[in-house]
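Visitor: For reference, this is structure34.txt, and it has compact mmCIF, C-alpha atoms.
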```txt
# COMPACT_ATOMS: atom_id res chain seq x y z
CA MET A 156 7.56 -5.29 -2.11
CA MET A 157 5.43 -3.50 0.47
CA LYS A 158 1.98 -4.87 1.12
CA GLU A 159 -1.00 -2.75 0.18
CA GLN A 160 -2.34 -0.45 2.84
CA ASN A 161 -4.50 -2.12 5.46
CA THR A 162 -7.75 -0.37 4.63
CA SER A 163 -9.47 -1.82 7.67
CA THR A 164 -7.20 0.01 10.10
CA LYS A 165 -9.06 2.82 11.83
CA VAL A 166 -7.09 5.89 12.88
CA LEU A 167 -8.56 7.98 15.68
CA ALA A 168 -6.99 11.32 16.64
CA ILE A 169 -7.87 12.51 20.15
CA THR A 170 -7.43 16.24 20.64
CA SER A 171 -8.65 19.27 22.55
CA GLY A 172 -8.67 23.00 22.19
CA LYS A 173 -6.86 23.46 25.50
CA GLY A 174 -4.83 21.45 27.98
CA GLY A 175 -6.02 20.08 31.30
CA VAL A 176 -9.16 18.38 29.97
CA GLY A 177 -7.97 14.82 30.67
CA LYS A 178 -7.21 13.99 27.04
CA THR A 179 -4.45 11.48 27.80
CA ASN A 180 -6.55 9.60 30.34
CA ILE A 181 -9.31 9.43 27.73
CA ALA A 182 -6.89 8.07 25.12
CA CYS A 183 -5.39 5.42 27.41
CA ASN A 184 -8.63 4.10 28.84
CA LEU A 185 -10.36 4.04 25.45
CA ALA A 186 -7.39 2.13 24.02
CA ILE A 187 -7.67 -0.52 26.73
CA CYS A 188 -11.43 -0.88 26.18
CA LEU A 189 -10.92 -1.22 22.43
CA ALA A 190 -8.18 -3.82 22.95
CA ALA A 191 -10.56 -5.79 25.17
CA SER A 192 -12.80 -6.31 22.14
CA ASP A 193 -10.08 -8.40 20.47
CA LYS A 194 -8.59 -5.53 18.51
CA LYS A 195 -4.88 -4.85 18.14
CA VAL A 196 -4.51 -1.28 19.34
CA THR A 197 -1.52 1.02 18.93
CA LEU A 198 -1.38 4.22 20.99
CA LEU A 199 0.95 6.97 19.79
CA ASP A 200 1.78 9.77 22.20
CA ALA A 201 2.14 12.77 19.91
CA ASP A 202 1.85 15.43 22.62
CA LEU A 203 5.20 17.19 22.20
CA GLY A 204 6.95 18.02 25.44
CA LEU A 205 3.94 17.15 27.60
CA GLY A 206 3.43 13.50 26.71
CA ASN A 207 2.55 11.43 29.75
CA ILE A 208 1.04 8.23 28.42
CA ASP A 209 3.82 6.36 30.20
CA LEU A 210 2.56 7.69 33.54
CA VAL A 211 -1.04 6.67 32.94
CA MET A 212 -0.14 3.27 31.44
CA ASN A 213 2.78 2.65 33.82
CA THR A 214 5.21 1.92 31.02
CA GLU A 215 8.77 3.12 30.55
CA ASN A 216 8.98 5.03 27.30
CA LYS A 217 12.69 5.79 27.40
CA PHE A 218 12.90 6.06 23.63
CA ASN A 219 10.79 7.87 21.04
CA LEU A 220 10.51 8.40 17.30
CA MET A 221 13.56 10.66 17.33
CA HIS A 222 15.68 7.63 18.26
CA VAL A 223 14.25 5.82 15.22
CA ILE A 224 14.89 8.80 12.93
CA SER A 225 18.51 9.02 14.10
CA GLY A 226 19.03 5.30 13.55
CA GLN A 227 19.72 4.57 17.22
CA LYS A 228 16.67 2.35 17.58
CA THR A 229 14.25 0.48 15.38
CA LEU A 230 10.51 1.10 15.66
CA ASP A 231 10.06 -2.31 17.29
CA GLU A 232 12.59 -1.35 19.96
CA ILE A 233 10.66 1.74 21.09
CA ILE A 234 7.28 0.02 21.36
CA ASN A 235 6.11 -0.76 24.89
CA ILE A 236 3.28 -3.14 25.74
CA GLY A 237 0.83 -1.54 28.15
CA PRO A 238 -2.22 -2.82 30.01
CA GLY A 239 -4.57 -4.91 27.91
CA GLY A 240 -1.84 -5.52 25.33
CA VAL A 241 -1.99 -1.95 24.01
CA GLU A 242 1.18 -1.06 22.11
CA THR A 243 2.42 2.39 23.10
CA ILE A 244 4.87 4.63 21.24
CA CYS A 245 6.29 7.94 22.40
CA GLY A 246 6.50 10.50 19.60
CA GLY A 247 8.60 12.98 21.54
CA SER A 248 10.39 15.60 19.47
CA GLY A 249 10.39 13.16 16.55
CA ILE A 250 7.06 14.50 15.34
CA GLU A 251 8.31 18.07 15.27
CA GLU A 252 11.53 17.04 13.55
CA LEU A 253 9.80 15.30 10.64
CA ALA A 254 10.04 18.44 8.50
CA ASN A 255 13.80 18.68 9.06
CA ILE A 256 15.02 15.15 8.37
CA SER A 257 16.61 13.82 5.20
CA LYS A 258 14.60 12.00 2.53
CA PHE A 259 16.42 8.78 3.42
CA GLN A 260 15.53 9.08 7.11
CA LEU A 261 11.95 9.98 6.25
CA GLN A 262 11.53 7.03 3.89
CA ARG A 263 12.97 4.60 6.44
CA LEU A 264 10.65 5.90 9.14
CA LEU A 265 7.60 5.80 6.87
CA ASP A 266 8.38 2.23 5.85
CA ASP A 267 8.44 1.21 9.52
CA LEU A 268 5.27 3.15 10.37
CA GLU A 269 3.39 1.67 7.43
CA LYS A 270 4.29 -1.83 8.62
CA LEU A 271 2.91 -0.82 12.00
CA GLN A 272 -0.32 0.31 10.35
CA GLN A 273 -0.50 -3.03 8.53
CA SER A 274 -0.44 -4.93 11.82
CA SER A 275 -2.85 -2.72 13.81
CA ASP A 276 -6.64 -2.74 13.83
CA ILE A 277 -6.85 0.66 15.50
CA ILE A 278 -4.28 3.44 15.85
CA ILE A 279 -5.07 6.07 18.49
CA ILE A 280 -3.15 9.34 18.35
CA ASP A 281 -2.98 11.35 21.57
CA THR A 282 -2.27 14.75 20.02
CA GLY A 283 -1.08 17.90 21.70
CA ALA A 284 -3.61 20.43 22.94
CA GLY A 285 -4.21 23.59 20.96
CA ILE A 286 -4.08 24.48 17.30
CA HIS A 287 -0.51 23.64 16.35
CA ASN A 288 0.70 22.36 12.99
CA SER A 289 1.66 18.90 14.26
CA THR A 290 -1.67 18.53 16.06
CA ILE A 291 -3.69 19.60 13.02
CA SER A 292 -1.66 17.35 10.71
CA PHE A 293 -2.63 14.27 12.71
CA CYS A 294 -6.27 15.32 12.91
CA LEU A 295 -6.57 16.03 9.18
CA SER A 296 -5.10 12.61 8.35
CA ALA A 297 -7.26 10.57 10.73
CA ASP A 298 -10.50 8.75 9.95
CA GLU A 299 -12.13 10.35 12.98
CA VAL A 300 -11.27 13.19 15.32
CA LEU A 301 -12.41 12.94 18.92
CA VAL A 302 -12.50 16.38 20.53
CA VAL A 303 -12.43 16.35 24.33
CA THR A 304 -14.00 19.14 26.34
CA THR A 305 -15.08 19.80 29.91
CA PRO A 306 -18.02 21.89 31.16
CA GLU A 307 -15.73 24.91 31.64
CA PRO A 308 -16.67 27.75 29.24
CA ALA A 309 -13.05 28.21 28.14
CA SER A 310 -12.76 24.51 27.30
CA MET A 311 -16.00 24.58 25.32
CA THR A 312 -14.89 27.69 23.41
CA ASP A 313 -11.55 26.08 22.55
CA ALA A 314 -13.24 22.85 21.49
CA TYR A 315 -15.38 24.86 19.08
CA ALA A 316 -12.25 26.65 17.82
CA MET A 317 -10.68 23.27 17.03
CA ILE A 318 -13.77 22.19 15.11
CA LYS A 319 -13.69 25.51 13.23
CA VAL A 320 -10.06 24.94 12.19
CA LEU A 321 -10.85 21.42 10.96
CA LYS A 322 -13.71 22.86 8.91
CA ALA A 323 -11.45 25.59 7.48
CA ARG A 324 -8.87 22.96 6.50
CA ASN A 325 -11.56 20.89 4.72
CA TYR A 326 -11.39 17.88 7.03
CA ASP A 327 -13.64 15.22 5.53
CA GLY A 328 -13.77 12.71 8.38
CA ARG A 329 -16.12 12.33 11.31
CA ILE A 330 -15.85 14.71 14.28
CA SER A 331 -17.05 13.46 17.65
CA LEU A 332 -17.18 15.20 21.01
CA LEU A 333 -16.55 13.62 24.39
CA VAL A 334 -17.48 15.59 27.51
CA ASN A 335 -15.13 14.84 30.40
CA MET A 336 -15.38 15.76 34.08
CA ALA A 337 -19.15 16.32 33.91
CA SER A 338 -20.86 16.64 37.30
CA SER A 339 -23.78 14.60 35.98
CA LEU A 340 -25.02 12.90 32.85
CA THR A 341 -27.52 15.73 32.43
CA GLU A 342 -24.76 18.35 32.47
CA GLY A 343 -22.68 16.34 30.02
CA LYS A 344 -25.59 16.03 27.58
CA ARG A 345 -26.24 19.78 27.86
CA ILE A 346 -22.59 20.60 27.07
CA PHE A 347 -22.63 18.29 24.08
CA ARG A 348 -25.82 19.86 22.72
CA GLN A 349 -24.44 23.37 23.09
CA VAL A 350 -21.22 22.65 21.19
CA SER A 351 -22.87 20.50 18.52
CA GLU A 352 -25.70 22.98 17.88
CA VAL A 353 -23.32 25.93 17.53
CA SER A 354 -21.08 23.89 15.21
CA MET A 355 -24.00 23.01 12.98
CA ARG A 356 -25.51 26.50 13.01
CA PHE A 357 -22.37 28.51 12.25
CA LEU A 358 -20.07 25.97 10.56
CA ASN A 359 -22.54 23.50 9.08
CA VAL A 360 -20.46 20.74 10.69
CA PRO A 361 -22.21 17.77 12.31
CA VAL A 362 -20.61 16.79 15.63
CA TYR A 363 -21.43 13.37 17.02
CA GLU A 364 -21.70 12.37 20.66
CA ALA A 365 -18.87 10.05 21.72
CA GLY A 366 -19.76 9.85 25.39
CA ILE A 367 -20.00 11.50 28.79
CA ILE A 368 -17.39 10.82 31.48
CA ARG A 369 -18.44 12.02 34.90
CA LYS A 370 -16.06 13.44 37.47
CA THR A 371 -15.06 10.82 40.04
CA ASP A 372 -12.43 10.32 42.73
CA LYS A 373 -11.76 6.88 41.24
CA LEU A 374 -9.92 8.49 38.34
CA THR A 375 -7.73 10.58 40.64
CA ALA A 376 -6.92 7.53 42.76
CA SER A 377 -6.03 5.53 39.65
CA VAL A 378 -3.71 8.23 38.31
CA LYS A 379 -1.87 8.28 41.64
CA LYS A 380 -1.44 4.50 41.49
CA ARG A 381 -0.40 4.70 37.81
CA VAL A 382 -3.12 2.19 36.94
CA PRO A 383 -5.71 3.08 34.26
CA VAL A 384 -9.12 3.48 35.88
CA VAL A 385 -10.74 0.80 33.70
CA ILE A 386 -8.19 -1.67 35.12
CA ASN A 387 -8.27 -0.32 38.67
CA TYR A 388 -12.08 -0.18 38.93
CA PRO A 389 -13.40 -2.64 36.32
CA ASN A 390 -16.98 -2.66 37.65
CA SER A 391 -17.39 1.09 38.14
CA GLY A 392 -19.61 3.58 36.39
CA ILE A 393 -16.65 5.34 34.77
CA THR A 394 -15.44 2.06 33.28
CA SER A 395 -18.92 1.45 31.86
CA ALA A 396 -18.84 4.95 30.35
CA PHE A 397 -15.47 4.29 28.69
CA ALA A 398 -16.65 0.92 27.39
CA SER A 399 -19.77 2.54 25.91
CA ALA A 400 -17.70 5.28 24.26
CA ALA A 401 -15.32 2.67 22.81
CA ALA A 402 -18.22 0.64 21.42
CA ARG A 403 -19.75 3.74 19.88
CA LEU A 404 -16.46 4.67 18.21
CA MET A 405 -16.11 1.16 16.75
CA ARG A 406 -19.59 1.34 15.23
CA THR A 407 -18.82 4.48 13.22
CA SER A 408 -17.86 4.14 9.59
CA GLN A 409 -14.48 5.23 8.30
CA LYS A 410 -13.98 7.87 5.66
CA GLU A 411 -13.10 6.65 2.20
CA LYS A 412 -9.49 5.52 2.09
CA SER A 413 -6.97 6.87 -0.36
CA ASN A 414 -3.91 4.96 -1.54
CA GLU A 415 -1.75 6.93 0.89
CA SER A 416 -1.09 5.55 4.34
CA PHE A 417 -2.06 7.59 7.37
CA PHE A 418 1.55 8.44 8.19
CA ARG A 419 2.32 9.64 4.66
CA LYS A 420 -0.69 11.94 4.88
CA VAL A 421 0.68 13.37 8.14
CA VAL A 422 4.06 14.06 6.55
CA ASN A 423 2.44 15.67 3.51
CA VAL A 424 0.47 18.04 5.75
CA ILE A 425 3.59 18.92 7.78
CA PHE A 426 5.56 19.64 4.62
```
Could you show the structure in this file as structure tokens?
Guide:
Amino acid sequence: MMKEQNTSTKVLAITSGKGGVGKTNIACNLAICLAASDKKVTLLDADLGLGNIDLVMNTENKFNLMHVISGQKTLDEIINIGPGGVETICGGSGIEELANISKFQLQRLLDDLEKLQQSSDIIIIDTGAGIHNSTISFCLSADEVLVVTTPEPASMTDAYAMIKVLKARNYDGRISLLVNMASSLTEGKRIFRQVSEVSMRFLNVPVYEAGIIRKTDKLTASVKKRVPVVINYPNSGITSAFASAAARLMRTSQKEKSNESFFRKVVNVIF
């Protein structure tokens, strides 16, 4: 008999309206900071075709969920242990194929994923950029959605568009905004205020501040070395910013849980 759903597991979907905003770096470094607080963290790369968590975390994700669906691998066999003990999983085309698999394959996969949820304190989903069905399905099923933007006008506009879609789809969880690549803390705060005020005025959606990550050469250097910046520069300002954002995310309350697991909710939205 399957154990009851672990209601203490928090699921955080990290998304953006457009690509190139540093979403994957945000996901990886936040995961490491959260794991440092004695939490068991699972990081799922659900960015179809463009997933690069393995590059940031320096792991070898040779296999993905599609190998589990086909029966070639078990879920345990595709999990890689990254820095800080973060468990990483590559979704690959497996996410997109969920709507096309047999009921038997789907049930087997869901059983495995629910066991994974049982054993994790936090599941972080690095979604694809843009407003695609698979991206929205993960966001709608998560306890909290973290939207990443940069100071670029196009990025801000697309972040607002993502918030608008979540509102239209009746998302009932918490929406937070993280400003990445800010030239200063002042600029980052200004960007946050602009997006949050417009969201409240026109959508009646509260958007909470997750943090400000300033632009720094340390991040570029870390990406080149394939070492997450919080590991490469543990005493830097950017690491402090990630740690603060992680602490803020852990303090937020979760939306009321239903009897359905997170992964079953995702499948129901896809179908």
Visitor: Grab the atom CA of Lys173 of chain A to atom CA of Arg348 of chain A distance for me, in Å with one decimal place.
Guide: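 One can read the atom CA of Lys173 of chain A to atom CA of Arg348 of chain A distance as 19.5 Å.
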Visitor: When you count only C-alpha atoms, which of these residues is closest to Asn423 of chain A: A:Gln260, A:Asp200, A:Ser296, A:Ile277?
Guide: A:Ser296
Visitor: Which of these, A:Lys370, A:Arg419, A:Arg263, A:Arg329, has the shortest distance to Gly226 of chain A once you count only C-alpha atoms?
Guide: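 That would be A:Arg263, the residue with the smallest distance to Gly226 of chain A.
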Visitor: Between A:Cys294, A:Ile279, A:Val385, A:Val302, which has the minimum distance to Arg324 of chain A (counting only C-alpha atoms)?
Guide: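 Of A:Cys294, A:Ile279, A:Val385, A:Val302, the one nearest Arg324 of chain A, counting only C-alpha atoms, is A:Cys294.
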Visitor: What lies within 12 Å of Met221 of chain A using all atoms listed in the file, ignoring chain neighbours under 6 positions off, as an MDAnalysis selection string?
Guide: chainID A and resid 201 203 227:230 233 244:253 255:256 260:261 264
Visitor: I need the residue nearest Ser395 of chain A from this list: A:Leu295, A:Cys188, A:Leu220, A:Ile181. Use all atoms listed in the file for the distance.
Guide: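 The answer is A:Cys188, which sits nearest to Ser395 of chain A.
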Visitor: For a quick check of understanding, using only C-alpha atoms, which of A:Thr290, A:Asn359, A:Thr304, A:Ser331 has the smallest distance to Lys319 of chain A?
Guide: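 Result for the nearest residue to Lys319 of chain A: A:Asn359.
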Visitor: Mind checking which residues fall within 9 Å of Val382 of chain A, counting all atoms listed in the file, ignoring those fewer than 3 positions away in the same chain, and posting them as a ChimeraX atom specification?
Guide: /A:210-213,238,376-379,385-387
Visitor: Kindly save the residues from that selection, with C-alpha atoms included, as a short mmCIF file (atom, residue, chain, number, x, y, z; two decimals), in the frame of the given file.
Guide:
```cif
data_model
loop_
_atom_site.label_atom_id
_atom_site.label_comp_id
_atom_site.auth_asym_id
_atom_site.auth_seq_id
_atom_site.Cartn_x
_atom_site.Cartn_y
_atom_site.Cartn_z
CA LEU A 210 2.56 7.69 33.54
CA VAL A 211 -1.04 6.67 32.94
CA MET A 212 -0.14 3.27 31.44
CA ASN A 213 2.78 2.65 33.82
CA PRO A 238 -2.22 -2.82 30.01
CA ALA A 376 -6.92 7.53 42.76
CA SER A 377 -6.03 5.53 39.65
CA VAL A 378 -3.71 8.23 38.31
CA LYS A 379 -1.87 8.28 41.64
CA VAL A 385 -10.74 0.80 33.70
CA ILE A 386 -8.19 -1.67 35.12
CA ASN A 387 -8.27 -0.32 38.67
#
```
Visitor: Give me, as a list of chain:residue names, all polymer residues having an atom no more than 12 Å from Glu342 of chain A, counting only C-alpha atoms and skipping those fewer than 4 positions away in the same chain.
Guide: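 In the requested form, the answer reads A:Thr305, A:Pro306, A:Glu307, A:Val334, A:Asn335, A:Met336, A:Ala337, A:Ser338, A:Ile346, A:Phe347, A:Arg348, A:Gln349, A:Ile367, A:Ile368, A:Arg369, A:Lys370.
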Visitor: Do you have the atom CA of Val362 of chain A-atom CA of Ile330 of chain A distance handy?
Guide: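 For atom CA of Val362 of chain A relative to atom CA of Ile330 of chain A, the distance reads 5.4 Å.
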Visitor: At most 12 Å from (-6.3, -1.7, 15.2), file frame, only C-alpha atoms: which residues, as a count of residues only?
Guide: 33
Visitor: Enter the distance from atom CA of Phe293 of chain A to atom CA of Val421 of chain A, in Å, rounded to one decimal.
Guide: 5.7 Å
Visitor: Give me the residues near Ala396 of chain A as a ChimeraX atom specification, where near means some atom within 8 Å (using only C-alpha atoms) and where sequence neighbours in that chain fewer than 3 positions away do not count.
Guide: /A:366-368,392-393,399-400
Visitor: Here is a test: counting all atoms listed in the file, which residue of A:Val223, A:Val300, A:Leu333, A:Ala398 is nearest to Met317 of chain A?
Guide: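 Smallest separation from Met317 of chain A among the options: A:Val300.
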Visitor: Would you give the centre and edge lengths, in Å to one decimal, of a box along x, y and z around the listed atoms of segment 252-256 of chain A, with 6 Å added to each side, as lines of an AutoDock Vina configuration file?
Guide:
```
center_x = 12.4
center_y = 16.9
center_z = 11.0
size_x = 17.2
size_y = 15.5
size_z = 17.2
```
Visitor: Here's a test: counting only C-alpha atoms, identify every protein, DNA and RNA residue with an atom at most 8 Å from (6.8, 1.3, 28.3) in the file's coordinate frame, and state them as number ranges by chain.
Guide: A: 209, 212-217, 234-237, 243
